[in-house]
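Colleague: Provided herewith: data.cif, mmCIF, C-alpha atoms.
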```cif
data_query
#
loop_
_atom_site.label_atom_id
_atom_site.label_comp_id
_atom_site.auth_asym_id
_atom_site.auth_seq_id
_atom_site.Cartn_x
_atom_site.Cartn_y
_atom_site.Cartn_z
CA ASP J 1 0.00 0.00 0.00
CA SER J 2 1.61 3.23 -1.22
CA GLY J 3 -0.60 5.44 0.93
CA VAL J 4 -2.01 7.23 -2.12
CA THR J 5 -5.74 6.77 -2.57
CA GLN J 6 -7.55 7.23 -5.85
CA THR J 7 -11.28 7.17 -6.43
CA PRO J 8 -13.15 5.86 -8.26
CA LYS J 9 -11.22 2.74 -9.26
CA HIS J 10 -13.41 2.21 -12.32
CA LEU J 11 -15.64 4.60 -14.20
CA ILE J 12 -17.73 4.04 -17.33
CA THR J 13 -19.30 7.00 -19.04
CA ALA J 14 -20.42 8.24 -22.44
CA THR J 15 -18.84 10.59 -24.93
CA GLY J 16 -19.45 14.23 -24.21
CA GLN J 17 -19.75 13.70 -20.47
CA ARG J 18 -17.63 15.12 -17.67
CA VAL J 19 -15.97 13.19 -14.85
CA THR J 20 -13.89 14.01 -11.81
CA LEU J 21 -11.11 11.79 -10.52
CA ARG J 22 -9.95 12.23 -6.98
CA CYS J 23 -6.59 11.67 -5.36
CA SER J 24 -5.57 11.74 -1.70
CA PRO J 25 -1.77 11.89 -1.37
CA ARG J 26 0.34 10.20 1.28
CA SER J 27 0.22 11.89 4.63
CA GLY J 28 2.70 14.75 4.60
CA ASP J 29 3.27 14.81 0.85
CA LEU J 30 2.80 18.26 -0.63
CA SER J 31 3.34 17.41 -4.29
CA VAL J 32 0.83 15.61 -6.50
CA TYR J 33 1.38 14.40 -10.04
CA TRP J 34 -1.20 13.15 -12.56
CA TYR J 35 -0.34 10.69 -15.32
CA GLN J 36 -2.35 9.10 -18.11
CA GLN J 37 -1.66 5.58 -19.36
CA SER J 38 -3.53 4.67 -22.51
CA LEU J 39 -3.61 1.14 -23.92
CA ASP J 40 -0.07 -0.08 -24.60
CA GLN J 41 1.30 3.36 -23.89
CA GLY J 42 3.67 4.59 -21.26
CA LEU J 43 2.88 7.02 -18.50
CA GLN J 44 2.15 10.41 -20.01
CA PHE J 45 2.73 13.28 -17.60
CA LEU J 46 -0.27 15.58 -17.32
CA ILE J 47 0.26 18.05 -14.50
CA GLN J 48 1.95 18.60 -11.14
CA TYR J 49 0.83 20.56 -8.10
CA TYR J 50 2.79 21.55 -5.06
CA ASN J 51 0.97 22.77 -1.95
CA GLY J 52 -1.97 24.01 -3.97
CA GLU J 53 -0.03 25.64 -6.80
CA GLU J 54 0.48 24.33 -10.30
CA ARG J 55 4.21 23.69 -10.81
CA ALA J 56 4.63 21.81 -14.07
CA LYS J 57 2.45 20.98 -17.01
CA GLY J 58 2.72 18.25 -19.59
CA ASN J 59 0.64 17.53 -22.65
CA ILE J 60 -2.63 18.05 -20.84
CA LEU J 61 -5.60 18.72 -23.09
CA GLU J 62 -7.56 21.93 -22.68
CA ARG J 63 -10.62 19.78 -21.91
CA PHE J 64 -8.78 18.55 -18.81
CA SER J 65 -8.14 20.56 -15.70
CA ALA J 66 -6.88 19.87 -12.22
CA GLN J 67 -6.52 21.48 -8.86
CA GLN J 68 -5.07 20.79 -5.45
CA PHE J 69 -7.11 21.80 -2.45
CA PRO J 70 -5.96 23.20 0.94
CA ASP J 71 -6.21 19.73 2.47
CA LEU J 72 -3.79 18.63 -0.31
CA HIS J 73 -6.14 16.27 -2.08
CA SER J 74 -6.30 16.77 -5.82
CA GLU J 75 -8.95 16.40 -8.46
CA LEU J 76 -8.58 15.85 -12.19
CA ASN J 77 -11.55 17.02 -14.21
CA LEU J 78 -12.09 15.59 -17.68
CA SER J 79 -14.80 17.17 -19.81
CA SER J 80 -16.33 16.71 -23.27
CA LEU J 81 -15.05 13.17 -23.10
CA GLU J 82 -14.00 11.36 -26.25
CA LEU J 83 -13.41 7.67 -26.90
CA GLY J 84 -9.67 8.31 -26.91
CA ASP J 85 -9.78 9.53 -23.33
CA SER J 86 -10.31 5.96 -22.18
CA ALA J 87 -7.23 5.21 -20.10
CA LEU J 88 -5.80 4.56 -16.68
CA TYR J 89 -5.24 7.78 -14.78
CA PHE J 90 -2.62 7.61 -12.06
CA CYS J 91 -2.00 10.01 -9.26
CA ALA J 92 1.34 10.07 -7.47
CA SER J 93 2.63 12.04 -4.54
CA THR J 94 5.99 12.88 -3.08
CA THR J 95 7.57 15.07 -0.43
CA SER J 96 9.31 18.25 -1.47
CA GLY J 97 13.01 17.82 -1.93
CA VAL J 98 12.65 14.30 -3.28
CA THR J 99 14.13 13.98 -6.70
CA GLY J 100 11.51 11.90 -8.39
CA GLU J 101 10.66 8.98 -6.15
CA LEU J 102 6.93 9.07 -6.63
CA PHE J 103 4.40 7.01 -4.75
CA PHE J 104 1.56 5.97 -7.03
CA GLY J 105 -2.03 5.16 -6.36
CA GLU J 106 -3.66 2.15 -7.98
CA GLY J 107 -5.18 4.28 -10.70
CA SER J 108 -8.65 5.15 -11.94
CA ARG J 109 -9.70 3.26 -15.05
CA LEU J 110 -11.89 5.42 -17.25
CA THR J 111 -13.89 3.86 -20.06
CA VAL J 112 -15.67 6.18 -22.48
CA LEU J 113 -18.33 4.50 -24.60
CA ASP D 114 9.04 14.45 -28.60
CA GLN D 115 9.82 11.42 -26.50
CA GLN D 116 12.53 12.45 -24.09
CA VAL D 117 12.87 9.05 -22.43
CA LYS D 118 12.99 6.01 -24.69
CA GLN D 119 12.84 2.30 -24.04
CA ASN D 120 13.26 0.70 -27.40
CA SER D 121 12.49 -2.85 -26.34
CA PRO D 122 8.78 -3.28 -25.67
CA SER D 123 9.36 -6.75 -24.27
CA LEU D 124 12.10 -9.02 -22.98
CA SER D 125 12.06 -12.69 -22.11
CA VAL D 126 14.70 -14.22 -19.84
CA GLN D 127 15.28 -17.61 -18.26
CA GLU D 128 15.05 -17.81 -14.49
CA GLY D 129 18.48 -17.39 -12.88
CA ARG D 130 19.94 -15.51 -15.81
CA ILE D 131 20.62 -11.79 -16.08
CA SER D 132 17.94 -9.37 -17.30
CA ILE D 133 19.18 -6.17 -18.89
CA LEU D 134 16.70 -3.41 -19.56
CA ASN D 135 17.84 -0.38 -21.50
CA CYS D 136 16.81 3.24 -21.53
CA ASP D 137 17.94 6.27 -23.54
CA TYR D 138 17.21 9.92 -22.92
CA THR D 139 17.57 13.01 -25.01
CA ASN D 140 17.43 15.90 -22.54
CA SER D 141 20.88 16.63 -21.11
CA MET D 142 19.23 18.63 -18.32
CA PHE D 143 18.02 15.42 -16.66
CA ASP D 144 20.09 14.73 -13.60
CA TYR D 145 18.19 12.04 -11.77
CA PHE D 146 17.06 8.72 -13.17
CA LEU D 147 14.73 6.12 -11.76
CA TRP D 148 13.33 2.71 -12.51
CA TYR D 149 9.80 1.74 -11.60
CA LYS D 150 8.17 -1.66 -11.69
CA LYS D 151 4.50 -2.21 -12.46
CA TYR D 152 2.36 -5.28 -12.00
CA PRO D 153 -1.05 -5.52 -13.70
CA ALA D 154 -3.87 -3.72 -11.87
CA GLU D 155 -1.38 -1.92 -9.61
CA GLY D 156 0.32 1.45 -9.69
CA PRO D 157 4.03 1.68 -10.49
CA THR D 158 6.39 1.21 -7.56
CA PHE D 159 9.82 2.72 -7.20
CA LEU D 160 12.66 0.26 -7.67
CA ILE D 161 16.02 2.02 -7.81
CA SER D 162 17.48 5.38 -8.79
CA ILE D 163 20.75 7.02 -9.72
CA SER D 164 21.90 10.61 -9.79
CA SER D 165 23.98 12.03 -12.58
CA ILE D 166 27.03 12.30 -10.36
CA LYS D 167 27.27 8.52 -10.20
CA ASP D 168 27.68 5.86 -12.84
CA LYS D 169 26.44 2.89 -10.85
CA ASN D 170 24.01 2.18 -8.05
CA GLU D 171 23.34 -1.24 -6.60
CA ASP D 172 20.53 -2.55 -4.43
CA GLY D 173 20.49 -6.27 -3.91
CA ARG D 174 19.79 -8.02 -7.20
CA PHE D 175 19.23 -4.71 -8.97
CA THR D 176 21.96 -2.50 -10.42
CA VAL D 177 21.51 0.61 -12.49
CA PHE D 178 24.30 1.87 -14.73
CA LEU D 179 24.44 5.38 -16.14
CA ASN D 180 26.49 6.48 -19.16
CA LYS D 181 26.03 10.23 -19.33
CA SER D 182 28.05 10.75 -22.47
CA ALA D 183 25.82 8.27 -24.31
CA LYS D 184 22.67 9.45 -22.51
CA HIS D 185 21.99 5.83 -21.70
CA LEU D 186 21.11 3.87 -18.61
CA SER D 187 20.44 0.24 -17.98
CA LEU D 188 18.92 -1.88 -15.25
CA HIS D 189 20.49 -5.25 -14.51
CA ILE D 190 18.62 -7.87 -12.56
CA VAL D 191 20.75 -10.79 -11.37
CA PRO D 192 19.60 -13.46 -10.89
CA SER D 193 16.20 -13.01 -12.51
CA GLN D 194 13.23 -14.54 -10.72
CA PRO D 195 9.70 -15.29 -11.96
CA GLY D 196 8.38 -12.64 -9.55
CA ASP D 197 10.35 -10.05 -11.50
CA SER D 198 7.94 -10.46 -14.40
CA ALA D 199 6.40 -7.01 -14.75
CA VAL D 200 6.56 -3.86 -16.81
CA TYR D 201 9.62 -1.75 -16.05
CA PHE D 202 9.53 1.99 -16.61
CA CYS D 203 12.57 4.19 -16.88
CA ALA D 204 12.03 7.76 -15.68
CA ALA D 205 14.05 10.96 -15.56
CA SER D 206 13.83 14.30 -13.83
CA ARG D 207 15.76 17.47 -13.16
CA GLY D 208 15.30 16.82 -9.48
CA MET D 209 18.76 17.84 -8.42
CA LYS D 210 18.11 21.35 -9.64
CA THR D 211 14.52 21.71 -8.61
CA SER D 212 12.32 19.55 -6.48
CA TYR D 213 9.26 20.45 -8.36
CA ASP D 214 9.97 19.43 -11.89
CA LYS D 215 8.06 16.93 -13.99
CA VAL D 216 9.14 13.31 -13.92
CA ILE D 217 9.16 11.92 -17.44
CA PHE D 218 8.57 8.23 -18.01
CA GLY D 219 9.56 5.99 -20.87
CA PRO D 220 7.04 3.67 -22.57
CA GLY D 221 8.05 0.65 -20.52
CA THR D 222 9.55 -2.77 -21.17
CA SER D 223 7.57 -5.88 -20.31
CA LEU D 224 9.87 -8.45 -18.72
CA SER D 225 8.93 -12.10 -18.61
CA VAL D 226 11.08 -14.41 -16.53
CA ILE D 227 10.54 -18.00 -17.58
CA PRO D 228 10.83 -20.67 -14.85
#
```
What does this structure look like when you write it as structure tokens?
Modeller:
Amino acid sequence: DSGVTQTPKHLITATGQRVTLRCSPRSGDLSVYWYQQSLDQGLQFLIQYYNGEERAKGNILERFSAQQFPDLHSELNLSSLELGDSALYFCASTTSGVTGELFFGEGSRLTVL
Amino acid sequence: DQQVKQNSPSLSVQEGRISILNCDYTNSMFDYFLWYKKYPAEGPTFLISISSIKDKNEDGRFTVFLNKSAKHLSLHIVPSQPGDSAVYFCAASRGMKTSYDKVIFGPGTSLSVIP
């Protein structure tokens, strides 16, 4: 158990809909990362937050947005969903000063029909 | 632009032999490199790392080698065990310079260790 909690574990929705994925980081971790893993693809970096502020951005679509709340949990919002958005979405957390050792949740599997 | 590359999508090795997983990177600003292991239906877990000031780091059966001039790193697993069968991701960051930078992952190599 990494200590990172992601909900929901599975989500099935239709094209055009909007969903919110939630991540609770490990206790004490200030930094949260979001990654997307599509079928047979690697982990694509989406966005990083540190203590409520956006710190780094990857190839995140404009239809996607994220935020980190004062209690440090984070949400990834995906809107106007398309079939190609079907993927595993991972959240990871780490303490500041750590050079990349991320602790991952089990992921949220999104299926868009 | 794929900054971290793992050119072998899969690798099959006999139990007890050495597994060598390779990784190349293009961004010379990366100064910290990591390997993660992923089992199906689980999130990736950290395995071993190396900073750019070293060329080798060892942890039990796992050793990572870094060749900065070639922008290449490799993970050696000796001896390989069936439980090592998983997808291995190489990752890189500029963590030595800033704690808050993105961590870029390669596409992964699926290792199968045959009993």
Colleague: Taking only C-alpha atoms into account, report as a VMD selection string which residues of chain D lie within 10 Å of chain J.
Modeller: chain D and resid 119 122 144 to 149 153 to 162 164 200 202 to 222
Colleague: Taking the file as I've supplied it (selection: the PyMOL selection byres ((chain D and resi 182) around 12)), which residues are included? Please answer as a list in words.
Modeller: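 So the PyMOL selection byres ((chain D and resi 182) around 12) ends up selecting Asp137, Tyr138, Thr139, Asn140, Ser141, Ser165, Asp168, Leu179, Asn180, Lys181, Ala183, Lys184, His185 and Leu186 of chain D.
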Colleague: If you apply the PyMOL selection byres ((chain D and resi 125-129) around 10) to this file, what residues do you get, as a PyMOL selection string?
Modeller: chain D and resi 123-124+130-133+190-198+223-228
Colleague: May I ask which of the residues J:Thr7, J:Ser80, J:Ser65, J:Asn51 is the closest one to Cys23 in chain J, counting all atoms listed in the file?
Modeller: J:Thr7
Colleague: Mind giving me the straight-line distance from CA of Leu83 in chain J to CA of Gln6 in chain J in Å, one decimal?
Modeller: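 These two atoms are separated by 21.9 Å.
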Colleague: Would you write out, as number ranges by chain, every residue that the PyMOL selection byres ((chain J and resi 78) around 7) captures in this file?
Modeller: J: 18-20, 63-65, 76-77, 79, 81
Colleague: One decimal, Å: what's the distance from CA of Ala199 in chain D over to CA of Tyr152 in chain D, could you say?
Modeller: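 Spanning CA of Ala199 in chain D to CA of Tyr152 in chain D is a straight-line distance of 5.2 Å.
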